[in-house]
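A short write-up of the structure that comes next.
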Amino acid sequence: MEYLIGIQGQDFVLVAADNIAANSIIQMKQDQDKMFKLSDKILLLCVGEAGDTVQFAEYIQKNIQLYKMRNGYELSPKAAANFTRKNLADYLRSRTPYHVNLLLAGFDETDGPGLYYMDHLSALAKAPFAAHGYGAYLTLSILDRYYRPDLTRDEAVDLLKKCIEELNKRFILNLPSFSVRLIDKEGIHDLEKLMPVGAK
Amino acid sequence: MALASVLQSESVDFSNYGRQRRGFASGLTETELGLESVGGDSLSFALRTSCSNGDGPDRKIEFLHGTTTLAFKFQHGVIVAVDSRATAGSYIASQTVKKVIEINPYLLGTMAGGAADCSFWERLLARQCRVYELRNKERISVAAASKLLANMVYQYKGMGLSMGTMVCGWDKTGPGLYYVDSEGNRVCGDLFAVGSGSMYAYGIVDSGLKQKDLTVEEACDLGRRAIYQATYRDAYSGGQVNLYHVHSEGWTRVSQSDVLMLHQQYQAEKA
């Protein structure tokens with residue numbers, strides 16, 4: 001139903017998420033933002049069970065900010081990803097696990113861009129590209145085929161467009177618009193929303 | 001993920017109901033369509049599909065509440081329209097239920113799902129809003145009020161609460177409308193319809209809101225019409241249409257119209 005995708009370039013990470021908030025078979029909202037800003041250069045994309053998504057993402061967000069207040073400096077994307085995973089793992093075998101799937105994207109001064117894939121079973125993997133949702137089945141092969149580590153920003157956006165066109169063509173559910181953001185050493189940039197035109 | 005849970009579950013199967021029913025002795029009565037009726041007294045608007053795993057409330061999937069409630073923002077505030085029927089299975093328990101809860105003079109909450117859950121939690125919300133007002137010497141915003149409610153019910157997620165409500169009000173950022181439910185959803189929007197008749201209501205309001213700049217009168221008519229159309233098609237909605245208008249000075253109770261009267265009126269207009 002929901003779709004997340006991330007593509008890492010040489011000095012940036014491009015991420016996109018669909019904008020539908022659904023409840024059973026109804027679209028309740030068509031401009032939902034599923035990205036949570038953890039810090040100036042870290043974004044958390046979160047999908048999954050109703051309620052769990054926002055509650056968990058805001059919990060992580062506030063804790064990252066608290067760390068900054070307490071210690072005077074921010075957590076790196078790698079540290080933030082591991083912190084998030086640890087929280088997921090701690091709750092996994094409790095009575096109230098968080099059923100959420102995440103992508104964490106960030107830019108580190110020393111390590112450069114990073115994309116981290118996390119799922120509801122608290123797996124963590126740093127990956128050059130990743131996707132969540134049923135849409136991932138349709139688009140991961142496209143990413144496998146056309147991804148190169150030295151993609152420019154425009155090429156990465158074109159690759160993203162390819163993926164979204166495929167979803168528009170083959171995915172049974174209608175996902176009319178996607179929020180797109182790019183993280184580089186300057187910070188987080190909002191790109192134009194992608195709205196695939198009717199299937200050919 | 002709501003749809004995923006519906007697709008993956010085998011419990012969306014109405015053929016189970018006959019079998020389920022025969023198994024019940026006296027005690028907790030569960031009506032044909034899974035409506036809960038404890039002690040013969042309390043009624044709920046919730047429809048529960050029968051679970052085949054015996055995990056209890058954990059695996060309950062509620063995608064129907066026997067009601068139609070809607071709210072939409074427009075230029076001059078928020079229109080809130082609800083029906084007034086309560087059903088226990090195929091029995092109509094009441095045609096005069098108040099499904100709009102007046103939280104305070106400028107905040108309204110609608111009721112869909114368990115009647116007790118809705119009225120209890122919204123009363124609790126009213127108390128929290130008043131405390132906020134006393135502490136901060138200013139009115140609470142609609143966003144904050146809905147967040148308070150969402151956080152309160154999130155603690156009970158999975159324990160069987162059934163509540164689908166819209167928090168409507170006017171604060172310093174203008175008209176506010178949030179949908180909050182017992183699943184943990186909290187969504188801000190311009191238009192929501194909740195309940196078994198919601199899909200029918202969406203059809204009317206979506207097409208009616210296309211032309212922007214409605215007057216108050218037109219917006220009220222649209223809300224009334226949408227609920228009427230929903231009650232026409234949905235067996236679990238009916239009774240009267242209660243209409244409220246939220247504006248900068250607070251909320252006003254606009255009208256209460258019997259659905260059958262509306263039917264006569266609209267038929268006459270067609271002729």
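How things are named: the first chain in the structure tokens is A, the next is B, and so on; residues count from 1 in each chain; ligands count from 1 in the order shown.
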
Taking a cut-off of 8 Å and counting only C-alpha atoms, can you build a table that, for each residue of chain A near chain B, reports the nearest atom pair and how far apart they are in Å (one decimal), sorted by chain then residue number, as a Markdown table?
```
| residue | atom | partner | partner_atom | distance |
| --- | --- | --- | --- | --- |
| A:Met1 | CA | B:Met1 | CA | 6.6 |
| A:Glu2 | CA | B:Met1 | CA | 7.4 |
| A:Ala21 | CA | B:Val187 | CA | 8.0 |
| A:Ala22 | CA | B:Ala2 | CA | 7.2 |
| A:Asn23 | CA | B:Ala2 | CA | 5.7 |
| A:Ser24 | CA | B:Leu3 | CA | 4.7 |
| A:Ile25 | CA | B:Leu3 | CA | 6.5 |
| A:Ile26 | CA | B:Met199 | CA | 7.8 |
| A:Met28 | CA | B:Phe192 | CA | 6.8 |
| A:Lys29 | CA | B:Gly189 | CA | 6.5 |
| A:Val47 | CA | B:Met1 | CA | 8.0 |
| A:Gly48 | CA | B:Met1 | CA | 5.5 |
| A:Glu49 | CA | B:Met1 | CA | 5.3 |
| A:Ala50 | CA | B:Asn185 | CA | 5.2 |
| A:Gly51 | CA | B:Gly184 | CA | 3.6 |
| A:Asp52 | CA | B:Gly184 | CA | 7.0 |
```

Go ahead and dump the residues you just picked, N, CA, C and O atoms, as a tab-separated table (two decimals), in the first residue's frame.
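Saved the output as again_16.tsv:
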```
chain	number	residue	atom	x	y	z
A	1	MET	N	0.80	-1.18	0.00
A	1	MET	CA	0.00	0.00	0.00
A	1	MET	C	0.85	1.24	0.00
A	1	MET	O	0.70	2.13	-0.82
A	2	GLU	N	1.73	1.32	1.01
A	2	GLU	CA	2.59	2.51	1.12
A	2	GLU	C	3.93	2.18	0.48
A	2	GLU	O	4.33	1.02	0.44
A	21	ALA	N	-2.72	8.64	2.88
A	21	ALA	CA	-3.02	8.08	4.20
A	21	ALA	C	-4.33	7.34	4.03
A	21	ALA	O	-5.36	7.96	3.76
A	22	ALA	N	-4.29	6.02	4.16
A	22	ALA	CA	-5.48	5.22	3.86
A	22	ALA	C	-6.03	4.58	5.12
A	22	ALA	O	-5.33	4.37	6.10
A	23	ASN	N	-7.31	4.28	5.06
A	23	ASN	CA	-7.98	3.57	6.14
A	23	ASN	C	-8.90	2.55	5.49
A	23	ASN	O	-9.89	2.93	4.88
A	24	SER	N	-8.57	1.30	5.56
A	24	SER	CA	-9.31	0.25	4.88
A	24	SER	C	-9.30	0.56	3.37
A	24	SER	O	-8.24	0.66	2.79
A	25	ILE	N	-10.45	0.78	2.74
A	25	ILE	CA	-10.39	1.02	1.29
A	25	ILE	C	-10.54	2.49	0.93
A	25	ILE	O	-10.66	2.84	-0.24
A	26	ILE	N	-10.51	3.35	1.93
A	26	ILE	CA	-10.71	4.78	1.67
A	26	ILE	C	-9.39	5.53	1.78
A	26	ILE	O	-8.60	5.30	2.70
A	28	MET	N	-7.94	8.64	3.09
A	28	MET	CA	-8.39	9.71	3.98
A	28	MET	C	-7.70	11.03	3.65
A	28	MET	O	-8.24	12.09	3.85
A	29	LYS	N	-6.45	10.94	3.16
A	29	LYS	CA	-5.68	12.14	2.95
A	29	LYS	C	-4.75	11.90	1.78
A	29	LYS	O	-4.15	10.83	1.67
A	47	VAL	N	6.76	3.93	7.49
A	47	VAL	CA	5.44	3.42	7.10
A	47	VAL	C	5.14	2.20	7.96
A	47	VAL	O	6.03	1.61	8.55
A	48	GLY	N	3.86	1.84	8.02
A	48	GLY	CA	3.50	0.66	8.79
A	48	GLY	C	2.15	0.82	9.42
A	48	GLY	O	1.28	1.52	8.88
A	49	GLU	N	1.97	0.24	10.57
A	49	GLU	CA	0.67	0.23	11.22
A	49	GLU	C	0.26	1.63	11.67
A	49	GLU	O	1.09	2.42	12.13
A	50	ALA	N	-1.05	1.86	11.55
A	50	ALA	CA	-1.59	3.16	11.96
A	50	ALA	C	-1.22	3.45	13.40
A	50	ALA	O	-1.33	2.59	14.24
A	51	GLY	N	-0.85	4.64	13.67
A	51	GLY	CA	-0.52	5.01	15.05
A	51	GLY	C	0.92	4.72	15.40
A	51	GLY	O	1.65	5.60	15.85
A	52	ASP	N	1.35	3.48	15.17
A	52	ASP	CA	2.74	3.11	15.47
A	52	ASP	C	3.71	3.99	14.72
A	52	ASP	O	4.75	4.39	15.27
```

Which of these, B:Ala143, B:Cys118, B:Ile101, B:Met159, has the shortest distance to B:Ala81 once you count only C-alpha atoms?
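Smallest separation from B:Ala81 among the options: B:Ile101.
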
If we count only C-alpha atoms and set the cut-off at 9 Å, which residues sit around A:Arg153, ignoring sequence neighbours fewer than 2 positions away in its own chain? Please answer as an MDAnalysis selection string.
chainID A and resid 9 12:14 151 155:158 182

Print the selection's residues with N, CA and C atoms to a file, as a PDB file, in the first residue's frame.
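Written file, result04.pdb:
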```pdb
ATOM      1  N   GLY A   9      23.698   8.565  -3.773  1.00  0.00           N
ATOM      2  CA  GLY A   9      24.661   8.930  -4.811  1.00  0.00           C
ATOM      3  C   GLY A   9      26.028   9.111  -4.177  1.00  0.00           C
ATOM      4  N   PHE A  12      25.136  12.595  -2.065  1.00  0.00           N
ATOM      5  CA  PHE A  12      23.762  12.953  -1.715  1.00  0.00           C
ATOM      6  C   PHE A  12      22.962  11.671  -1.504  1.00  0.00           C
ATOM      7  N   VAL A  13      21.799  11.819  -0.885  1.00  0.00           N
ATOM      8  CA  VAL A  13      20.851  10.708  -0.822  1.00  0.00           C
ATOM      9  C   VAL A  13      19.515  11.262  -1.291  1.00  0.00           C
ATOM     10  N   LEU A  14      18.848  10.549  -2.184  1.00  0.00           N
ATOM     11  CA  LEU A  14      17.543  10.956  -2.691  1.00  0.00           C
ATOM     12  C   LEU A  14      16.502  10.019  -2.085  1.00  0.00           C
ATOM     13  N   LEU A 151      26.016   8.093  -9.700  1.00  0.00           N
ATOM     14  CA  LEU A 151      24.876   8.814 -10.277  1.00  0.00           C
ATOM     15  C   LEU A 151      24.936  10.289  -9.922  1.00  0.00           C
ATOM     16  N   GLU A 155      20.411  12.245 -12.694  1.00  0.00           N
ATOM     17  CA  GLU A 155      20.258  10.832 -13.066  1.00  0.00           C
ATOM     18  C   GLU A 155      19.500  10.070 -11.993  1.00  0.00           C
ATOM     19  N   ALA A 156      19.761  10.408 -10.739  1.00  0.00           N
ATOM     20  CA  ALA A 156      19.057   9.725  -9.647  1.00  0.00           C
ATOM     21  C   ALA A 156      17.568  10.051  -9.703  1.00  0.00           C
ATOM     22  N   VAL A 157      17.231  11.300  -9.985  1.00  0.00           N
ATOM     23  CA  VAL A 157      15.815  11.664 -10.083  1.00  0.00           C
ATOM     24  C   VAL A 157      15.170  10.930 -11.260  1.00  0.00           C
ATOM     25  N   ASP A 158      15.921  10.786 -12.371  1.00  0.00           N
ATOM     26  CA  ASP A 158      15.378  10.039 -13.515  1.00  0.00           C
ATOM     27  C   ASP A 158      15.133   8.582 -13.150  1.00  0.00           C
ATOM     28  N   LEU A 182      15.985  15.573  -1.011  1.00  0.00           N
ATOM     29  CA  LEU A 182      17.379  15.239  -1.280  1.00  0.00           C
ATOM     30  C   LEU A 182      18.230  15.743  -0.125  1.00  0.00           C
TER      31      LEU A 182
END
```

For the structure I just gave you, how does DSSP split stretch 144-179 of chain B - specifically, which residues are strand (DSSP E or B)? Reply as a ChimeraX atom specification.
/B:163-171,174-179

Got time to write the residues from that selection, C-alpha atoms, as a tab-separated table (two decimals), in the first residue's frame?
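Output file part16.tsv is given in full below:
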```tsv
chain	number	residue	atom	x	y	z
B	163	MET	CA	-13.59	4.79	18.45
B	164	GLY	CA	-13.53	6.74	15.20
B	165	THR	CA	-13.94	10.42	15.88
B	166	MET	CA	-13.43	13.75	14.22
B	167	VAL	CA	-12.24	16.64	16.36
B	168	CYS	CA	-13.54	19.87	14.85
B	169	GLY	CA	-12.97	23.40	16.01
B	170	TRP	CA	-11.74	26.85	15.39
B	171	ASP	CA	-8.47	28.14	16.80
B	174	GLY	CA	-8.50	29.12	11.56
B	175	PRO	CA	-10.81	26.12	11.16
B	176	GLY	CA	-9.36	22.80	12.29
B	177	LEU	CA	-10.44	19.25	11.51
B	178	TYR	CA	-8.69	16.10	12.66
B	179	TYR	CA	-9.66	12.45	12.38
```

If you run DSSP on the backbone, which residues of chain A are helix (DSSP H, G or I), as a ChimeraX atom specification?
/A:52-71,77-92,134-146,153-170

Long-range neighbours of A:Ala17 as a ChimeraX atom specification, 9 Å cut-off, only C-alpha atoms, 4 positions minimum in chain
/A:2-6,33-35,45-46,177-180

Residue neighbourhood A:Ser141, 12 Å, only C-alpha atoms, exclusion window fewer than 4 positions, as a CSV table (one decimal) with N, CA, C and O atoms, in the first residue's frame:
```csv
chain,number,residue,atom,x,y,z
A,129,PHE,N,20.7,1.5,-2.3
A,129,PHE,CA,19.3,1.8,-2.6
A,129,PHE,C,18.4,0.8,-1.9
A,129,PHE,O,18.8,-0.3,-1.6
A,130,ALA,N,17.2,1.3,-1.6
A,130,ALA,CA,16.3,0.4,-0.9
A,130,ALA,C,14.9,0.9,-1.1
A,130,ALA,O,14.6,2.1,-1.5
A,131,ALA,N,13.9,0.0,-0.9
A,131,ALA,CA,12.5,0.4,-1.0
A,131,ALA,C,11.7,-0.5,0.0
A,131,ALA,O,12.1,-1.6,0.4
A,135,GLY,N,5.3,-2.0,-3.6
A,135,GLY,CA,5.9,-1.4,-4.7
A,135,GLY,C,7.4,-1.8,-4.8
A,135,GLY,O,7.9,-1.8,-5.9
A,136,ALA,N,8.0,-2.2,-3.7
A,136,ALA,CA,9.4,-2.6,-3.8
A,136,ALA,C,9.6,-3.8,-4.7
A,136,ALA,O,10.6,-3.9,-5.4
A,137,TYR,N,8.7,-4.7,-4.7
A,137,TYR,CA,8.8,-5.9,-5.5
A,137,TYR,C,8.9,-5.5,-7.0
A,137,TYR,O,9.6,-6.1,-7.8
A,145,ARG,N,19.2,-2.9,-11.9
A,145,ARG,CA,19.7,-2.8,-13.3
A,145,ARG,C,20.3,-1.5,-13.6
A,145,ARG,O,21.4,-1.4,-14.3
A,146,TYR,N,19.7,-0.4,-13.2
A,146,TYR,CA,20.2,0.9,-13.6
A,146,TYR,C,21.0,1.7,-12.6
A,146,TYR,O,21.5,2.8,-13.0
A,147,TYR,N,21.1,1.2,-11.4
A,147,TYR,CA,21.9,2.0,-10.4
A,147,TYR,C,23.4,1.9,-10.7
A,147,TYR,O,23.9,0.9,-11.0
A,159,LEU,N,16.1,8.0,-12.4
A,159,LEU,CA,15.9,6.6,-12.0
A,159,LEU,C,14.7,6.5,-11.1
A,159,LEU,O,13.9,5.6,-11.2
A,162,LYS,N,11.6,6.6,-13.2
A,162,LYS,CA,11.4,5.2,-13.8
A,162,LYS,C,10.7,4.3,-12.9
A,162,LYS,O,9.8,3.6,-13.3
A,163,CYS,N,11.1,4.3,-11.6
A,163,CYS,CA,10.5,3.4,-10.7
A,163,CYS,C,9.0,3.8,-10.5
A,163,CYS,O,8.1,2.9,-10.5
A,166,GLU,N,6.8,2.8,-13.3
A,166,GLU,CA,6.5,1.3,-13.3
A,166,GLU,C,5.4,1.1,-12.3
A,166,GLU,O,4.5,0.3,-12.6
```

Give me, please, the distance in Å between atom CA of A:Phe56 and atom CA of A:Pro113, quoted to one decimal.
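Interatomic distance, atom CA of A:Phe56 to atom CA of A:Pro113: 23.8 Å.
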
Between B:Lys98, B:Glu249, B:Asn136, B:Phe120, which is the closest to B:Lys172 once you count only C-alpha atoms?
B:Glu249

Taking into account only C-alpha atoms, which residue in the set B:Gln95, B:Val82, B:Leu125, B:His247 is nearest to B:Tyr228?
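When distances to B:Tyr228 are compared using only C-alpha atoms, the smallest one comes from B:Val82.
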
Nearest-residue call for B:Gln256, choices B:Thr215, B:Thr231, B:Ser141, B:Gln240, using only C-alpha atoms
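Checking each candidate against B:Gln256, we get B:Gln240 as the closest.
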